[in-house]
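Colleague: Following this message is one structure expressed as structure tokens.
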Amino acid sequence: MNNMLIEGNTFLLGEEVNTDINCSSKYLPGKDSEYVSTVAFDKLEPGFAQGVIANGGGILVAGKNFGINSSREQAIHVLHLMNIKCILAPSFGRQFFRNAINNGLPIIECDTSDIQAGEILKVDLQLGQVISKAHKIPFTPLPQEILKIIQMGGLLNFITKHPDWNFAA
Amino acid sequence: MGHTISEKILAKRAQKDSVKAGEVVVCDVDFAMVTDTRASNTIKMMSKLDKDALKFTQNTALVLDHYSPPPHPEAAEIHQKMRAFADQAHTHLYDIGDGICHQVLPEGGHLTSGDLIVGTDTHSVTYGAFNAFGTGIEGSDVAAVMASGKLWFRVPESVQIHLNGELQPGVWAKDITLYLLGKFKAEGLNYKAIEYIGSAVSKMDIDDRMTLCNHAAELGAKAAILEADQKTIDWLSAHGAKTPAPVYADHDAIYAFKDQLNVSTLAPQVARKHHVDDVVGTDQIDRQAIQFALIGTCTNGRLDDIRQAAHILKGKKLAKGVRMIVTPASRQIYLAALREGLIEILTSAGASFEAAGCGTCVGITNHLVPGNQETVISSANRNFKGRLSNDEADIWLGSAATVAASALTGFITDPRTVAGGNWRNI
């Protein structure tokens, strides 16, 4: 399986980040995702999105309950536009978790307490390991069905190719 | 090894003998719902698929409830697209003022016990009141359901909460859910399916059971499910639902944990400003003034809520300086309240009625905009800072009884201390 190994710079956010407020146009009526992707998370850390974009993207690492209280799929589209390659947090808002998978963005539940901003991380989705110079953090790999949806770039790509939901094909 | 209600519903829909928590399954969905906040995204997602491939649309409802009525041309345009899509794809459509999705689905007979129901709203857990597995999804999910009639699910761990005793007059399911939010905290039961059982649940009427399940969304729950009993079956039958196929947990089902609460001594609860899990009894609040009162939303906009408010405000006036808005959860509830004379009672007391919908809860229709340093007491399910379009205002949450009692006195008030505050339809 390709694209199961992800490498990138760490961009750090805190706990309980609401992506409706910080990463959607819910409170920016008329603004599109392109615009939101340049100001996302500014309320938490001014210039955050610009920093990610200037770096060519990377891995988003957060505290518990990332995406809490919010269910807008747009948040994932915005993260794609920022070139976020993977998200790590100890737990996620339930719908945010689904949305990431459905839109082909790898999303991992793991202990992120020791990860520092700027660290280069390698995430092995198949083996279940986050590796940096300083750490080796294990996690339970996502079920094969989920990895398949992510690998195919999301749910709609998957059911277009597999209208019978055959994960083995 | 036994199984929970959620595991049994998901296993049956996945055509498997059994499923276990953590497993990913593909299930046949019974009914899907799309609200106007997600319709734009959903229709965009659908346009990526071959429209002729959409097979499931007759089991889908489009509901124009959040922007009811539309506050700007962009929202009106979404509604135009939804009406056009519903016509072309032959989905059900509930237009502006018909009601909130979680009310019109059961009222419309679209779900029954044992069903698997998905909707583009986190409070889709409400359908668990009817012994259905109801859960929130988004646009890609709906597009996949419409195309294939199926969707993937990660089977949740279940939690069993035993509610012993009986709620005292003046205390409602809302007070139980607020108490549990104080205990488990917001998102404290993230990903979990909650099963509420016990004598307190059996004694609740359907309106209160819907509140109980609805508010589980704030606990982060993927579903909140009750057992079906005769009340459930009679209600479903009266609303034209398919024949119920009740699902019960096995006595040796595996739960992540079990908990219990004796509700007989529970006092009315409120969530203090900004945090749904900062919860205390109304008896511990010392003269907290309010300027705005709201009864409505998918949590507490049902007939029993409006009846309770009318019992408190009959022949009375709202306290000086207090404004009150009532948004019945559906047109049917509005009509029932009209026939019972409740609308006259509340209007005479100084309350205003707005079209059934979600706008006064989520703060996107500008029906209810508090001023700076004003406090709102609301029967809604969320109170984070700025939810009603003003960061300088505070929102507290309580039952319809607490909201009406507070509107009467001008202060957060235990409904049991005012006349009519201990009404219950028995």
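In the structure tokens, chains take letters A, B, ... by order of appearance, with residues numbered from 1 within each chain and ligands from 1 in the order shown.
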Quick one: which chain A residues come within 8 Å of chain B, and what is the nearest atom pair for each with the distance in Å to one decimal, counting only C-alpha atoms, rows ordered by chain and ascending number, as JSON lines?

Modeller:
```
{"residue": "A:Gly30", "atom": "CA", "partner": "B:Glu74", "partner_atom": "CA", "distance": 7.9}
{"residue": "A:Asn65", "atom": "CA", "partner": "B:Glu187", "partner_atom": "CA", "distance": 7.6}
{"residue": "A:Ile68", "atom": "CA", "partner": "B:Glu187", "partner_atom": "CA", "distance": 7.6}
{"residue": "A:Asn69", "atom": "CA", "partner": "B:Glu218", "partner_atom": "CA", "distance": 7.7}
{"residue": "A:Ser71", "atom": "CA", "partner": "B:Glu138", "partner_atom": "CA", "distance": 7.1}
{"residue": "A:Arg72", "atom": "CA", "partner": "B:Glu138", "partner_atom": "CA", "distance": 7.2}
{"residue": "A:Glu73", "atom": "CA", "partner": "B:Glu138", "partner_atom": "CA", "distance": 6.5}
{"residue": "A:Gly93", "atom": "CA", "partner": "B:Asn190", "partner_atom": "CA", "distance": 7.2}
{"residue": "A:Arg94", "atom": "CA", "partner": "B:Tyr191", "partner_atom": "CA", "distance": 6.0}
{"residue": "A:Gln95", "atom": "CA", "partner": "B:Ile137", "partner_atom": "CA", "distance": 6.6}
{"residue": "A:Arg98", "atom": "CA", "partner": "B:Ile137", "partner_atom": "CA", "distance": 7.9}
{"residue": "A:Asn99", "atom": "CA", "partner": "B:Glu138", "partner_atom": "CA", "distance": 7.1}
{"residue": "A:Asn102", "atom": "CA", "partner": "B:Ser140", "partner_atom": "CA", "distance": 6.5}
{"residue": "A:Asn103", "atom": "CA", "partner": "B:Ser140", "partner_atom": "CA", "distance": 7.9}
{"residue": "A:Pro143", "atom": "CA", "partner": "B:Val24", "partner_atom": "CA", "distance": 7.0}
{"residue": "A:Glu145", "atom": "CA", "partner": "B:Val24", "partner_atom": "CA", "distance": 7.0}
{"residue": "A:Ile146", "atom": "CA", "partner": "B:Val24", "partner_atom": "CA", "distance": 7.8}
{"residue": "A:Leu155", "atom": "CA", "partner": "B:Ser140", "partner_atom": "CA", "distance": 6.6}
{"residue": "A:Leu156", "atom": "CA", "partner": "B:Ser140", "partner_atom": "CA", "distance": 6.5}
{"residue": "A:Ile159", "atom": "CA", "partner": "B:Ala144", "partner_atom": "CA", "distance": 7.0}
{"residue": "A:Thr160", "atom": "CA", "partner": "B:Leu49", "partner_atom": "CA", "distance": 7.2}
{"residue": "A:Pro163", "atom": "CA", "partner": "B:Ser148", "partner_atom": "CA", "distance": 6.8}
{"residue": "A:Asp164", "atom": "CA", "partner": "B:Ser148", "partner_atom": "CA", "distance": 7.7}
{"residue": "A:Trp165", "atom": "CA", "partner": "B:Val26", "partner_atom": "CA", "distance": 7.6}
```

Colleague: DSSP on the backbone: what in chain A comes out helix (DSSP H, G or I), as JSON, numbers by chain?

Modeller: {"A": [19, 20, 21, 22, 33, 34, 35, 36, 37, 38, 39, 48, 49, 50, 51, 52, 53, 54, 74, 75, 76, 77, 78, 79, 80, 81, 94, 95, 96, 97, 98, 99, 100, 101, 102, 144, 145, 146, 147, 148, 149, 150, 151, 155, 156, 157, 158, 159, 160, 161]}

Colleague: List as a PyMOL selection string the protein and nucleic acid residues near Ser379 in chain B, meaning an atom at most 8 Å away when only C-alpha atoms are counted, but skip any in the same chain fewer than 5 places from it.

Modeller: chain B and resi 294-297+299-301+397-400+403

Colleague: Rank nothing, just name the residue among A:Gln151, A:Ser24, A:Ser37, A:Asn9 nearest to Phe167 in chain A, using only C-alpha atoms.

Modeller: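 Among the listed residues, A:Gln151 lies closest to Phe167 in chain A.
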
Colleague: Can you tell me, as a PDB file with C-alpha atoms, in the first residue's frame, what residues are no more than 9 Å from Ala355 in chain B when counting only C-alpha atoms, ignoring any on the same chain fewer than 4 positions away?

Modeller:
```
ATOM      1  CA  SER B  68     -36.016  29.427   9.065  1.00  0.00           C
ATOM      2  CA  PRO B  69     -36.776  32.035   7.837  1.00  0.00           C
ATOM      3  CA  ILE B  96     -39.608  26.869   6.330  1.00  0.00           C
ATOM      4  CA  GLY B  97     -41.734  26.759   9.469  1.00  0.00           C
ATOM      5  CA  ASP B  98     -42.657  23.069   9.146  1.00  0.00           C
ATOM      6  CA  GLY B  99     -40.338  22.280  11.998  1.00  0.00           C
ATOM      7  CA  VAL B 326     -41.076  30.748  22.074  1.00  0.00           C
ATOM      8  CA  THR B 327     -40.259  28.678  18.993  1.00  0.00           C
ATOM      9  CA  PRO B 328     -42.329  25.479  18.900  1.00  0.00           C
ATOM     10  CA  ALA B 329     -40.302  22.598  17.477  1.00  0.00           C
ATOM     11  CA  SER B 330     -42.775  22.069  14.623  1.00  0.00           C
ATOM     12  CA  ARG B 331     -45.897  23.390  12.955  1.00  0.00           C
ATOM     13  CA  TYR B 334     -47.661  25.092  17.200  1.00  0.00           C
TER      14      TYR B 334
END
```
